[in-house]
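Novice: Can you read through this structure? Questions will come right after.
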Amino acid sequence: MVDRFVRGLGRWRWAITGAWVVALVVAGVVSVPLPSLLSGGGWSVDGSDSATVQADLAHGFVGRGTSDVMVVVVDHWYTSDQPGFAKRVGRVMNDVGHDRGLSVRDQVGFSTTTGPLQQRFVGKDGRTAIDQLGLDLEDGTARRVLPQMQSEVSSRFAGQGLDVTLVGTAAFWGAVNTLSEEGLVHAEMLTFPLILVVLVGLFGGLVAALVSLAVGATAILASFAVLTVLAGHLELSLFVQNTATMLGLGVGIDYSLFVIARFKEELGRGSTVDDALATTLRTSGETVLFSGITILAAMSTLFLVPLGVVFSIALGAVVVVAFSVLASLLLLPVLLRLLGHRISAGRVPLLGAGARRGAHREPPIRGAHRPPHLTRWERVAHRVMARPLVFLGLGLILLLTLAAPARSLTTFTPDAQIVPQSSPVRVGFDRVQDQFGTGTTAPIQVLVTAPRPITTRADAAALVQLERRLAALPSVARVESALPVLALASPVAPFGALQAGAREALPSGIRGLVGHYVSSDATKMIFDVVPTGHAADAQTSDLLGRVHLVVDESSIPGARILVGGETAQGIESNAVISDRLPVVVGVMLVVIYLLLLVTFRSILLPLKAILMNLVSVAATFGVLVIVFQHGVGSSLLGAEGSGHIQNFVPILLLTLLFSLSTDYEVFLLNRVREEFVKTGDNTRSVAVGMSSTAPLISGAALLMVVVFGSFALAGILPIKQLGFGMAVAIAIDATIVRLVLVPATMRLMGVWNWWMPGRPRPGVIARHLGRVADPAGGIAERG
């Protein structure tokens, strides 16, 4: 079958190449609108309280809409006690509020109030004022419009001593989208030259390096095209583009490395181009296919997590890995058939020399006499296997020491801290927090919904009591609601102002402010509980629990009381991930175990591989905590210690690392098993297997570290964490695990590495395969 496929490539190579070029052009055109179709959503749990609150607040309230934005104005020339301040700030609010591009439905804040009420919207410095705008824009449209609007208002008022920023969820995700695209460009500009240098060093030639890059680029472009089509029907997170690019470069180029290296090796042995290609597909091609199936199976377990952002990233990973496999097994053979021996062309003297010195050499099979020399990798393996307990202990101590900080790992959804401090959105968030309180930008929202207008005395008494109890809770800066405004409008019967006719008679400023907290039909009332800390702080999480207790103890006849806001959303999404994590891990481990069981035909080796991967993943999580939670060295990556890890990063790292580590495990142990079948000598098999595969595994790992490390340097915070974690994990796997733990454990397990019930006991496996181990370490044919 493989031979027939290779012959077909010979006949149709030019047609296939032409079709590939056309497909790339079409994919590039189709994928152009992808960034504008991606969403900043996906963090809410369907049917959760926070999702319900968010949906209910989108209609019927003033200054809240399908999307909303806070306009923050800082006047450097005047203060609020000077007449010029109100005029200048009011002009800015009016200009922004009447901008047609924003589709402002209603507005409340400094520009719509007067007197004491107006002071609620003035900061402590007397120079900062805010307005809240409700927009009739869908989330995607708002994200596209607001960054451009931010740029326009900043330049329009900069020369007048006025700083204007737009703050809010849509503005934040619009900025993240822009920064994500910029980070993607920077990462690509950093990655491609480095990858090219590494590939030339590995292959010894420019042509092979460019072919490898072409495979990665093909996988990425094809994935972007598919994701663009899907984004028209599904809500996909904006992080999917960065993730797909990172994995496309890492996995796609990694696979091409295995295929091209084997093809060049076969040519070097004197095979014809067709024979070399056929052998390559039977060996490295099978390895790539197995690896792809493993990654797809592992990543598919993430679909068990009912969270949009996790679904999006898992989908992107599955699509790009699938295209990486297809490109490596369908497109790459066509290019190799076209190039033939020219795959080694374009030698770069300085880099190529290193590649030629590190070229693969099949170690000779030893007879009764030991050869006078060993390869460098064989010496490493023998040194480790001479003292397996010592090296195993040292390796585990090192990894477990790195893993120790992982016990304090905390996760949360992205907030303003993921964007640079120089970003206008971040400046606006920081300004509001400094002037109005840290929790102002992310209050805990308590929404009361009644089956009838909330106008009776019983309703009033219950709601006043609810506000008092909320305000008395520890870690509460203040509670913002309509109650003080209603009391100002109608001291005798505050809730009477909500009755039909009475509400319309209120002064416009008071009416708008009441409408910010009470729905137009008076059946819903919102209490904004402003905490003293950030949404992700432990004290705010504790406060959320106490708010739930107060709500549960409150009694408003017939009413439903729900708690929402950023803190609630983050805790709910964390809970969903935590609840599904055992299922995801369990299914993934079973799938990987079965795949390894079939591959190695061994009961114990898959268990050993899984245990080592768990220790490796734990060490990676520990390093993540040190850098991003505690801030040690985070400045070197252009990040600040946020105190938590983005909640989708650990579970994504877990599935990716298990699948990629399994890839290297299979590549190494297949070669070890091949040698063991020939010799029956466990120690020699491990040494020869390491010698044969270590250069290629090290090269593949170096490529991965370069790709993921580039995103750690150039991406926004969630992508930095993901890229850094992947780079650290691959480095650990290719060094401590692959060079120390694997040979040490295999030496200790001996022939039991290959034990399988129903087969001959390990000591006679080689005999049953037609060969008998020579006591001196060689082999003898059974006569």
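Chain identifiers are assigned as A, B, and so on, following the order in which chains appear in the structure tokens; residues are numbered from 1 within each chain, and ligands are numbered from 1 in order of appearance.
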So that I can check the surroundings of range 715-719 of chain A, please list as an NGL selection string every protein, DNA and RNA residue that reaches within 8 Å of it, counting only C-alpha atoms and ignoring chain neighbours fewer than 3 positions away.
Specialist: :A and (176 or 179-180 or 183-184 or 186-187 or 239 or 242-243 or 414 or 418-419 or 639 or 645-646 or 649 or 711-712 or 722-723)
Novice: When DSSP is applied to the backbone of this structure, which of range 148-184 of chain A are assigned alpha helix (DSSP H)? Write them out as a ChimeraX atom specification.
Specialist: /A:148-157,169-184
Novice: With distances taken over only C-alpha atoms, which residue among A:Val742, A:Met93, A:Ala317, A:Val32 lies nearest Pro388 in chain A?
Specialist: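 Ranked by minimum distance to Pro388 in chain A, first place goes to A:Val742.
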Novice: Using only C-alpha atoms, I'd like a table of the residues in range 139-193 of chain A that come within 12 Å of range 689-708 of chain A; for each, show the closest atom pair and its distance in Å rounded to one decimal, ordered by chain and ascending number, as CSV.
Specialist:
residue,atom,partner,partner_atom,distance
A:Leu184,CA,A:Val707,CA,11.8
A:Ala187,CA,A:Val707,CA,8.5
A:Glu188,CA,A:Val707,CA,8.9
A:Met189,CA,A:Val707,CA,11.1
A:Leu190,CA,A:Val707,CA,8.9
A:Thr191,CA,A:Val707,CA,5.8
A:Phe192,CA,A:Val707,CA,8.4
A:Pro193,CA,A:Val706,CA,10.2
Novice: The selected residues should be written to file as a tab-separated table (two decimals), in the first residue's frame (atoms: N, CA and C atoms).
Specialist:
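The resulting file, selection-v2.tsv, is reproduced below:
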chain	number	residue	atom	x	y	z
A	184	LEU	N	0.92	38.06	18.46
A	184	LEU	CA	1.08	36.98	17.49
A	184	LEU	C	2.09	37.35	16.42
A	187	ALA	N	5.53	37.38	18.04
A	187	ALA	CA	5.99	36.01	18.29
A	187	ALA	C	6.45	35.35	16.99
A	188	GLU	N	5.70	35.57	15.92
A	188	GLU	CA	6.09	34.98	14.63
A	188	GLU	C	7.40	35.57	14.13
A	189	MET	N	7.56	36.89	14.30
A	189	MET	CA	8.80	37.53	13.87
A	189	MET	C	10.00	37.02	14.67
A	190	LEU	N	9.76	36.68	15.91
A	190	LEU	CA	10.83	36.15	16.76
A	190	LEU	C	11.05	34.67	16.49
A	191	THR	N	9.95	33.95	16.24
A	191	THR	CA	10.03	32.49	16.13
A	191	THR	C	10.65	32.04	14.82
A	192	PHE	N	10.19	32.56	13.70
A	192	PHE	CA	10.60	32.04	12.40
A	192	PHE	C	12.12	32.10	12.18
A	193	PRO	N	12.77	33.22	12.47
A	193	PRO	CA	14.24	33.22	12.30
A	193	PRO	C	14.93	32.21	13.20
Novice: CA of Asp434 in chain A to CA of Arg127 in chain A: how many Å, to one decimal?
Specialist: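 Distance reported for this atom pair: 12.2 Å.
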Novice: For a test of reading the model, state the distance in Å between CA of Leu247 in chain A and CA of Leu741 in chain A, rounded to one decimal.
Specialist: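 Rounded to one decimal, the two atoms are 26.5 Å apart.
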Novice: A:Leu614, A:Val728, A:Val688, A:Met749: which is nearest Leu400 in chain A, counting only C-alpha atoms?
Specialist: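 Of A:Leu614, A:Val728, A:Val688, A:Met749, the one nearest Leu400 in chain A, counting only C-alpha atoms, is A:Leu614.
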Novice: When distances are computed from only C-alpha atoms, which of A:Ala734, A:Leu307, A:Val518, A:Val22 shows the smallest separation from Thr455 in chain A?
Specialist: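 Of A:Ala734, A:Leu307, A:Val518, A:Val22, the one nearest Thr455 in chain A is A:Val518, counting only C-alpha atoms.
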Novice: Using DSSP assignments from the backbone, pull out every residue in range 530-598 of chain A that falls under strand (DSSP E or B) and give it to me as JSON, numbers by chain.
Specialist: {"A": [530, 531, 560, 561, 562, 563, 564]}
Novice: Using Å and a single decimal, report how far CA of Val598 in chain A sits from CA of Gly395 in chain A.
Specialist: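 Result for CA of Gly395 in chain A versus CA of Val598 in chain A: 28.4 Å, one decimal.
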Novice: Could you list, as a PyMOL selection string, every residue within 12 Å of Thr79 in chain A, counting only C-alpha atoms and ignoring same-chain residues fewer than 4 positions away?
Specialist: chain A and resi 73-75+83-89+122-129+161-162
Novice: Using only C-alpha atoms, find the one residue out of A:Phe648, A:Trp14, A:Phe203, A:Phe600 that sits nearest to Ala314 in chain A.
Specialist: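 Using only C-alpha atoms, Ala314 in chain A sits closest to A:Phe648.
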Novice: Leaving out Ser685 in chain A and any residue of its chain fewer than 6 positions from it, which residues lie within 9 Å of it when counting only C-alpha atoms, given as JSON, numbers by chain?
Specialist: {"A": [671, 672, 673, 674, 675, 676, 677, 678, 679]}
Novice: Once you have the residues from the selection above, write them out as a compact mmCIF listing (two decimals), in the first residue's frame, restricted to N, CA, C and O atoms.
Specialist:
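As written to disk, again-v9.txt reads:
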# COMPACT_ATOMS: atom_id res chain seq x y z
N ARG A 671 12.54 2.10 19.65
CA ARG A 671 13.92 1.76 19.26
C ARG A 671 14.56 0.84 20.30
O ARG A 671 15.30 -0.09 19.95
N VAL A 672 14.27 1.07 21.59
CA VAL A 672 14.79 0.20 22.64
C VAL A 672 14.22 -1.20 22.48
O VAL A 672 14.95 -2.20 22.58
N ARG A 673 12.94 -1.28 22.23
CA ARG A 673 12.31 -2.59 22.07
C ARG A 673 12.87 -3.33 20.85
O ARG A 673 13.09 -4.54 20.89
N GLU A 674 13.08 -2.59 19.78
CA GLU A 674 13.66 -3.20 18.58
C GLU A 674 15.01 -3.84 18.91
O GLU A 674 15.31 -4.96 18.48
N GLU A 675 15.83 -3.17 19.69
CA GLU A 675 17.14 -3.70 20.05
C GLU A 675 17.02 -4.86 21.03
O GLU A 675 17.76 -5.84 20.96
N PHE A 676 16.03 -4.76 21.95
CA PHE A 676 15.84 -5.84 22.91
C PHE A 676 15.38 -7.13 22.22
O PHE A 676 15.78 -8.24 22.59
N VAL A 677 14.54 -6.98 21.21
CA VAL A 677 14.08 -8.14 20.45
C VAL A 677 15.26 -8.83 19.78
O VAL A 677 15.33 -10.06 19.70
N LYS A 678 16.23 -8.05 19.32
CA LYS A 678 17.39 -8.61 18.63
C LYS A 678 18.39 -9.24 19.59
O LYS A 678 19.05 -10.23 19.25
N THR A 679 18.53 -8.67 20.78
CA THR A 679 19.62 -9.09 21.66
C THR A 679 19.18 -9.72 22.97
O THR A 679 19.92 -10.51 23.56
Novice: Which residues come within 8 Å of Leu713 in chain A, counting only C-alpha atoms, excluding same-chain residues fewer than 6 positions away, as a PyMOL selection string?
Specialist: chain A and resi 187+637-638+720
